[in-house]
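Here is data39.cif, consisting of mmCIF, C-alpha atoms:
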data_entry
loop_
_atom_site.label_atom_id
_atom_site.label_comp_id
_atom_site.auth_asym_id
_atom_site.auth_seq_id
_atom_site.Cartn_x
_atom_site.Cartn_y
_atom_site.Cartn_z
CA ILE N 171 -52.93 27.94 -7.02
CA ASP N 172 -54.76 24.61 -6.65
CA VAL N 173 -55.98 24.08 -3.08
CA GLY N 174 -56.97 20.47 -2.40
CA ASN N 175 -58.04 18.76 0.79
CA SER N 176 -54.60 17.24 1.39
CA ASN N 177 -52.17 19.31 -0.71
CA ILE N 178 -51.81 22.76 -2.24
CA LYS N 179 -50.11 22.97 -5.62
CA PHE N 180 -48.51 26.18 -6.87
CA GLY N 181 -47.68 26.41 -10.57
CA LEU N 182 -45.79 29.21 -12.29
CA PHE N 183 -46.25 29.45 -16.06
CA SER N 184 -44.17 31.25 -18.62
CA GLY N 185 -46.51 31.37 -21.60
CA ASP N 186 -47.78 27.83 -22.12
CA GLU N 187 -44.83 26.27 -20.29
CA LEU N 188 -44.98 25.23 -16.65
CA ALA N 189 -41.75 26.84 -15.48
CA ALA N 190 -41.93 25.80 -11.82
CA SER N 191 -44.30 23.95 -9.50
CA TRP N 192 -44.41 23.15 -5.80
CA ARG N 193 -46.61 21.05 -3.51
CA ILE N 194 -47.20 21.73 0.20
CA SER N 195 -49.55 20.23 2.78
CA THR N 196 -52.97 21.83 3.22
CA ASN N 197 -53.31 23.44 6.64
CA ARG N 198 -56.80 24.80 7.25
CA THR N 199 -55.68 26.95 10.20
CA GLN N 200 -52.69 28.61 8.52
CA LEU N 201 -52.94 32.35 7.93
CA THR N 202 -52.31 34.40 4.79
CA ASP N 203 -48.94 35.66 5.98
CA GLU N 204 -47.79 32.12 6.82
CA TYR N 205 -48.72 30.81 3.38
CA ALA N 206 -47.12 33.88 1.81
CA MET N 207 -43.81 33.25 3.58
CA LEU N 208 -43.84 29.67 2.30
CA LEU N 209 -44.55 30.79 -1.26
CA LEU N 210 -42.00 33.59 -1.23
CA ASN N 211 -39.33 31.21 0.05
CA LEU N 212 -40.20 28.79 -2.76
CA PHE N 213 -39.90 31.67 -5.24
CA ALA N 214 -36.52 32.66 -3.77
CA SER N 215 -35.23 29.09 -4.12
CA GLN N 216 -35.49 29.53 -7.89
CA ASN N 217 -34.59 33.23 -8.07
CA ILE N 218 -38.15 34.30 -8.88
CA GLN N 219 -39.36 37.75 -7.86
CA PRO N 220 -43.04 38.28 -6.92
CA GLN N 221 -43.25 41.26 -9.28
CA GLN N 222 -42.57 38.93 -12.20
CA VAL N 223 -46.02 37.38 -11.70
CA SER N 224 -48.49 38.96 -14.12
CA GLY N 225 -51.65 37.17 -13.03
CA CYS N 226 -53.11 34.60 -10.67
CA ALA N 227 -55.85 31.95 -10.82
CA ILE N 228 -57.14 29.99 -7.84
CA SER N 229 -59.07 26.75 -7.44
CA CYS N 230 -60.04 25.91 -3.87
CA VAL N 231 -62.13 23.02 -2.52
CA VAL N 232 -61.48 24.05 1.10
CA PRO N 233 -63.91 26.97 1.62
CA GLN N 234 -62.10 28.58 4.57
CA LEU N 235 -58.89 28.87 2.52
CA THR N 236 -60.47 30.67 -0.46
CA PRO N 237 -60.24 34.13 1.15
CA VAL N 238 -56.77 33.30 2.50
CA MET N 239 -55.42 32.59 -0.98
CA GLY N 240 -57.26 35.57 -2.47
CA GLU N 241 -55.63 37.86 0.08
CA LEU N 242 -52.24 36.27 -0.62
CA ALA N 243 -52.59 37.12 -4.32
CA ARG N 244 -53.69 40.69 -3.65
CA ARG N 245 -51.19 41.57 -0.89
CA TYR N 246 -48.07 39.70 -1.93
CA LEU N 247 -48.42 39.29 -5.70
CA LYS N 248 -50.29 42.59 -6.22
CA ARG N 249 -52.78 40.83 -8.51
CA GLU N 250 -56.54 40.42 -8.39
CA PRO N 251 -56.98 36.65 -8.78
CA VAL N 252 -59.42 34.76 -10.95
CA VAL N 253 -61.14 32.47 -8.44
CA VAL N 254 -62.83 29.62 -10.31
CA GLY N 255 -66.50 29.48 -9.36
CA PRO N 256 -69.89 30.87 -10.42
CA GLY N 257 -69.55 33.75 -12.86
CA VAL N 258 -66.11 32.71 -14.12
CA ARG N 259 -65.82 31.61 -17.74
CA THR N 260 -64.49 28.05 -18.00
CA GLY N 261 -65.31 27.12 -21.59
CA VAL N 262 -67.21 24.11 -20.24
CA ARG N 263 -70.98 23.63 -20.32
CA ILE N 264 -72.03 21.88 -17.10
CA ARG N 265 -74.70 19.27 -17.85
CA ILE N 266 -75.59 18.02 -14.37
CA ASP N 267 -78.70 18.36 -12.19
CA HIS N 268 -77.31 21.09 -9.93
CA PRO N 269 -74.39 22.88 -11.66
CA ALA N 270 -73.48 24.83 -8.51
CA GLU N 271 -72.58 21.51 -6.82
CA ALA N 272 -69.75 20.79 -9.26
CA GLY N 273 -66.35 21.19 -7.59
CA SER N 274 -64.14 23.77 -9.26
CA ASP N 275 -61.31 21.25 -9.57
CA ARG N 276 -63.55 18.86 -11.51
CA ILE N 277 -64.59 21.55 -14.00
CA ILE N 278 -60.97 22.66 -14.37
CA ASN N 279 -59.85 19.09 -15.07
CA ALA N 280 -62.64 18.69 -17.62
CA ALA N 281 -61.59 21.92 -19.38
CA ALA N 282 -57.93 20.87 -19.49
CA THR N 283 -58.68 17.33 -20.62
CA PHE N 284 -60.88 18.44 -23.52
CA ARG N 285 -58.44 21.16 -24.61
CA LEU N 286 -55.43 18.81 -24.51
CA TYR N 287 -56.94 15.51 -25.65
CA GLY N 288 -60.44 16.11 -27.04
CA GLY N 289 -63.54 14.13 -26.19
CA PRO N 290 -65.27 12.00 -25.24
CA ALA N 291 -62.95 11.53 -22.29
CA ILE N 292 -62.74 10.50 -18.66
CA ALA N 293 -60.51 12.49 -16.32
CA ILE N 294 -59.54 10.64 -13.15
CA ALA N 295 -58.15 12.69 -10.25
CA PHE N 296 -56.45 10.59 -7.57
CA GLY N 297 -56.62 12.68 -4.42
CA THR N 298 -58.22 12.50 -0.98
CA ALA N 299 -61.19 11.23 -2.98
CA THR N 300 -60.87 9.75 -6.46
CA ALA N 301 -63.06 11.66 -8.91
CA PHE N 302 -64.04 10.26 -12.31
CA ASP N 303 -65.23 13.07 -14.59
CA ALA N 304 -67.03 12.42 -17.87
CA ILE N 305 -66.56 14.82 -20.79
CA SER N 306 -68.65 14.57 -23.94
CA ALA N 307 -67.42 14.67 -27.52
CA GLU N 308 -68.45 18.35 -27.55
CA GLY N 309 -66.52 19.17 -24.37
CA ASP N 310 -69.50 19.27 -22.00
CA TYR N 311 -69.08 18.19 -18.39
CA LEU N 312 -71.59 15.38 -17.85
CA GLY N 313 -70.90 14.41 -14.22
CA GLY N 314 -69.15 11.25 -13.11
CA ALA N 315 -68.38 9.25 -10.00
CA ILE N 316 -66.60 9.84 -6.68
CA ALA N 317 -64.88 7.02 -4.80
CA PRO N 318 -62.81 7.01 -1.59
CA GLY N 319 -59.17 7.84 -2.25
CA LEU N 320 -56.51 5.16 -2.13
CA ALA N 321 -54.72 6.74 0.84
CA ALA N 322 -58.04 7.17 2.65
CA GLY N 323 -58.75 3.46 2.16
CA ALA N 324 -55.38 2.52 3.59
CA GLU N 325 -55.91 4.84 6.57
CA ALA N 326 -59.36 3.33 7.21
CA LEU N 327 -57.88 -0.19 7.36
CA PHE N 328 -55.29 0.97 9.88
CA ARG N 329 -57.78 2.91 12.04
CA PHE N 330 -60.67 0.46 12.14
CA ALA N 331 -58.96 -2.96 11.99
CA ALA N 332 -57.07 -3.31 15.27
CA LYS N 333 -54.46 -5.81 14.06
CA LEU N 334 -53.66 -4.22 10.70
CA PRO N 335 -50.61 -1.94 10.45
CA GLN N 336 -50.01 1.15 8.36
CA VAL N 337 -48.44 0.14 5.03
CA GLU N 338 -46.65 1.85 2.19
CA LEU N 339 -48.81 2.30 -0.89
CA ALA N 340 -46.49 0.25 -3.08
CA ARG N 341 -46.83 -2.75 -5.37
CA PRO N 342 -46.39 -6.07 -3.55
CA PRO N 343 -44.31 -8.90 -5.11
CA GLN N 344 -47.44 -10.82 -6.17
CA VAL N 345 -51.21 -10.75 -5.87
CA ILE N 346 -51.32 -13.58 -3.31
CA GLY N 347 -49.84 -11.91 -0.25
CA LYS N 348 -47.65 -14.16 1.92
CA ASN N 349 -47.78 -11.83 4.93
CA THR N 350 -50.09 -9.16 6.32
CA ILE N 351 -48.31 -6.20 4.74
CA HIS N 352 -48.19 -7.74 1.26
CA SER N 353 -51.81 -8.87 1.58
CA MET N 354 -52.89 -5.32 2.42
CA GLN N 355 -50.82 -3.89 -0.42
CA SER N 356 -52.36 -6.39 -2.82
CA GLY N 357 -55.88 -5.45 -1.80
CA LEU N 358 -55.13 -1.74 -1.93
CA ILE N 359 -53.12 -1.53 -5.16
CA PHE N 360 -54.57 -4.34 -7.28
CA GLY N 361 -58.04 -3.99 -5.79
CA TYR N 362 -58.05 -0.27 -6.49
CA ALA N 363 -56.82 -0.83 -10.04
CA GLY N 364 -59.72 -3.24 -10.52
CA MET N 365 -62.18 -0.65 -9.22
CA VAL N 366 -60.77 1.93 -11.65
CA GLU N 367 -61.07 -0.49 -14.57
CA GLY N 368 -64.64 -1.35 -13.65
CA LEU N 369 -65.82 2.24 -13.31
CA VAL N 370 -64.06 3.37 -16.50
CA LYS N 371 -65.69 0.55 -18.47
CA ARG N 372 -69.13 1.45 -17.13
CA LEU N 373 -68.64 5.16 -17.81
CA SER N 374 -67.36 4.40 -21.31
CA VAL N 375 -70.54 2.49 -22.15
CA GLU N 376 -72.54 5.65 -21.47
CA LEU N 377 -70.08 8.00 -23.19
CA GLY N 378 -69.77 5.97 -26.39
CA PRO N 379 -66.80 4.87 -28.51
CA GLY N 380 -63.38 6.51 -28.66
CA VAL N 381 -63.09 7.52 -25.00
CA ARG N 382 -59.71 8.90 -23.87
CA VAL N 383 -58.76 8.19 -20.25
CA VAL N 384 -56.55 10.73 -18.50
CA ALA N 385 -55.28 10.48 -14.91
CA THR N 386 -53.82 13.06 -12.56
CA GLY N 387 -53.02 13.34 -8.86
CA GLY N 388 -50.37 12.08 -6.49
CA LEU N 389 -51.12 8.36 -6.88
CA ALA N 390 -51.98 8.36 -10.58
CA GLU N 391 -48.65 6.78 -11.57
CA VAL N 392 -49.05 3.99 -9.00
CA ILE N 393 -52.42 2.87 -10.38
CA ALA N 394 -51.59 3.56 -14.04
CA ALA N 395 -48.72 1.08 -13.75
CA GLU N 396 -51.23 -1.68 -12.90
CA THR N 397 -53.82 -1.19 -15.64
CA ASP N 398 -53.93 -0.62 -19.39
CA ILE N 399 -57.17 1.36 -19.11
CA ILE N 400 -55.40 4.63 -18.21
CA GLU N 401 -54.06 6.06 -21.45
CA ILE N 402 -52.37 9.27 -20.27
CA VAL N 403 -50.96 10.47 -16.94
CA GLU N 404 -50.74 14.26 -16.68
CA PRO N 405 -49.53 15.25 -13.18
CA HIS N 406 -50.22 18.94 -13.73
CA LEU N 407 -53.69 18.67 -15.33
CA THR N 408 -55.38 20.99 -12.82
CA LEU N 409 -52.65 23.63 -13.01
CA ILE N 410 -52.86 23.56 -16.82
CA GLY N 411 -56.63 23.93 -16.62
CA LEU N 412 -56.26 26.90 -14.28
CA ARG N 413 -53.98 28.61 -16.77
CA LEU N 414 -56.47 28.02 -19.60
CA ILE N 415 -59.35 29.41 -17.53
CA TYR N 416 -57.28 32.42 -16.48
CA GLU N 417 -56.67 33.22 -20.14
CA LEU N 418 -60.38 32.90 -20.92
CA ASN N 419 -61.16 35.55 -18.31
CA GLN N 420 -58.72 38.22 -19.51
#
Show the structure stored in the file as structure tokens.
Amino acid sequence: IDVGNSNIKFGLFSGDELAASWRISTNRTQLTDEYAMLLLNLFASQNIQPQQVSGCAISCVVPQLTPVMGELARRYLKREPVVVGPGVRTGVRIRIDHPAEAGSDRIINAAATFRLYGGPAIAIAFGTATAFDAISAEGDYLGGAIAPGLAAGAEALFRFAAKLPQVELARPPQVIGKNTIHSMQSGLIFGYAGMVEGLVKRLSVELGPGVRVVATGGLAEVIAAETDIIEIVEPHLTLIGLRLIYELNQ
């Protein structure tokens, strides 16, 4: 279970294979039973029984939902979950000033990226914020950069510029926009791709040669289509990392 600020992702693994996955909106006020009914209905849609689940791992960046998801695992799946945080083995050495500040999702992405693709590497997670995580050649988490998310940027334009409309986050016909919507899409899509390229190049200078660049998150495909700097798009990077960390803690 990967709880983000905007979405919650559920992934069901059979061995190393992701057998099923679902994405729902994050609702900070929803109760355990409400989330459980959603999950059980998703299970039923694919003929999955809760008793088939042999274990559970949770990453949560929304503090008030951590106990909600823990209770869901215990009451409805009958499993004590591995909740990624202090005291949980991740296989990643955290080389930043204040290790407790590192978001669990960032450490999970670092663990998955190094296991799947080696290092040095940069993992980019396109979410509510866009996180750039630097992983050394030895697999250490070195820190990174956090930028406003693409959707958040679009929402800010709509909210704070009175004459600008809401727009679809889609590629415009050309860079030079011939109307307001295409101009906004150009700035958002191509401008954001330029920001990603610039940050990756600067991070790569500090990481050294041979850096792999991996992207995940809902808008990863949109930006990856506009730049050669993203080498791999792995939509389920965090879920894969959660599985790897769960196995480490058994």
For the structure provided, state which residues fall under the PyMOL selection byres ((chain N and resi 274) around 8), and present them as a list in words. Ser229, Cys230, Val231, Val254, Gly255, Ala272, Gly273, Asp275, Arg276, Ile277 and Ile278 of chain N
Name every residue that the PyMOL selection byres ((chain N and resi 404-419) around 7) selects in this structure, writing the answer as a PDB file with C-alpha atoms, in the coordinates of the input with chains first and numbers rising.
ATOM      1  CA  ASP N 172     -54.760  24.610  -6.650  1.00  0.00           C
ATOM      2  CA  GLY N 181     -47.680  26.410 -10.570  1.00  0.00           C
ATOM      3  CA  ALA N 227     -55.850  31.950 -10.820  1.00  0.00           C
ATOM      4  CA  VAL N 252     -59.420  34.760 -10.950  1.00  0.00           C
ATOM      5  CA  ARG N 259     -65.820  31.610 -17.740  1.00  0.00           C
ATOM      6  CA  THR N 260     -64.490  28.050 -18.000  1.00  0.00           C
ATOM      7  CA  ASP N 275     -61.310  21.250  -9.570  1.00  0.00           C
ATOM      8  CA  ILE N 278     -60.970  22.660 -14.370  1.00  0.00           C
ATOM      9  CA  ASN N 279     -59.850  19.090 -15.070  1.00  0.00           C
ATOM     10  CA  ALA N 281     -61.590  21.920 -19.380  1.00  0.00           C
ATOM     11  CA  ALA N 282     -57.930  20.870 -19.490  1.00  0.00           C
ATOM     12  CA  ALA N 385     -55.280  10.480 -14.910  1.00  0.00           C
ATOM     13  CA  THR N 386     -53.820  13.060 -12.560  1.00  0.00           C
ATOM     14  CA  GLY N 387     -53.020  13.340  -8.860  1.00  0.00           C
ATOM     15  CA  ILE N 402     -52.370   9.270 -20.270  1.00  0.00           C
ATOM     16  CA  VAL N 403     -50.960  10.470 -16.940  1.00  0.00           C
ATOM     17  CA  GLN N 420     -58.720  38.220 -19.510  1.00  0.00           C
TER      18      GLN N 420
END
Enumerate, as a ChimeraX atom specification, the residues matched when the PyMOL selection byres ((chain N and resi 356) around 9) is run on the file above. /N:340-347,351-355,357-361
Shell around Ile399 of chain N at 12 Å using all atoms listed in the file, local window under 3 positions removed, as a ChimeraX atom specification: /N:292-294,363-371,374,381-385,393-396,402-403
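Taking atom CA of Val223 of chain N as the reference point, atom CA of Asn211 of chain N is found at 14.9 Å.
Distance-wise, atom CA of Val375 of chain N and atom CA of Tyr311 of chain N end up 16.2 Å apart.
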Calculate how many Å separate atom CA of Leu320 of chain N from atom CA of Asn349 of chain N, rounding to one decimal.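 Answer for the atom CA of Leu320 of chain N to atom CA of Asn349 of chain N separation: 20.4 Å.
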Return the single residue from N:Leu212, N:Leu389, N:Ala280, N:Val173 that is closest to Ser191 of chain N, with distances computed using only C-alpha atoms. N:Leu212
Find the residues near segment 322-330 of chain N: any atom within 8 Å, counting only C-alpha atoms, skip ones fewer than 6 places away on the same chain, and give them as a list in words.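 Neighbouring residues, sequence-local ones excluded: Thr298, Ala299, Gln336, Val337, Leu339 and Leu358 of chain N.
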Expected file: the selected residues, C-alpha atoms, as a compact mmCIF listing (two decimals), in the coordinates of the input:
# COMPACT_ATOMS: atom_id res chain seq x y z
CA THR N 298 -58.22 12.50 -0.98
CA ALA N 299 -61.19 11.23 -2.98
CA GLN N 336 -50.01 1.15 8.36
CA VAL N 337 -48.44 0.14 5.03
CA LEU N 339 -48.81 2.30 -0.89
CA LEU N 358 -55.13 -1.74 -1.93
Report, as JSON, the centre and edge lengths in Å (one decimal) of the axis-aligned box enclosing every listed atom of segment 254-268 of chain N, padded by 3 Å on each side.
{"center_x": -70.8, "center_y": 25.9, "center_z": -15.5, "size_x": 21.9, "size_y": 21.7, "size_z": 18.2}
Hey, what's within 12 Å of segment 265-269 of chain N if we count all atoms listed in the file and toss same-chain stuff fewer than 6 positions away? As a list in words, please?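 Non-adjacent residues within range: Gly255, Pro256, Gly257, Arg276, Ile277, Asp303, Ala304, Ile305, Ser306, Glu308, Gly309, Asp310, Tyr311, Leu312, Gly313 and Gly314 of chain N.
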For Thr202 of chain N, which residue among N:Thr236, N:Asn175, N:Thr397, N:Thr283 is the nearest when counting only C-alpha atoms? N:Thr236
So which one's closest to Asn177 of chain N, N:Ala243, N:Val232, N:Ala301, N:Ala270? Using all atoms listed in the file, please. N:Val232
I want to know what sits within 12 Å of Gln216 of chain N, based on only C-alpha atoms, with residues of the same chain fewer than 2 positions away left out; could you give that as an MDAnalysis selection string? chainID N and resid 182 189:192 209:214 218:220
Pick out the closest residue to Phe180 of chain N from this set: N:Ala315, N:Gln200, N:Ile194, N:Tyr287. Count only C-alpha atoms.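 Of the candidates, the smallest distance to Phe180 of chain N is held by N:Ile194.
Restricting the calculation to only C-alpha atoms, the smallest distance between Gly225 of chain N and any of N:Glu250, N:Glu187, N:Glu241, N:Glu271 is found for N:Glu250.
Checking N:Tyr362, N:Gly261, N:Glu391, N:Ala291 one by one against Gly378 of chain N, counting only C-alpha atoms, you find the shortest gap at N:Ala291.
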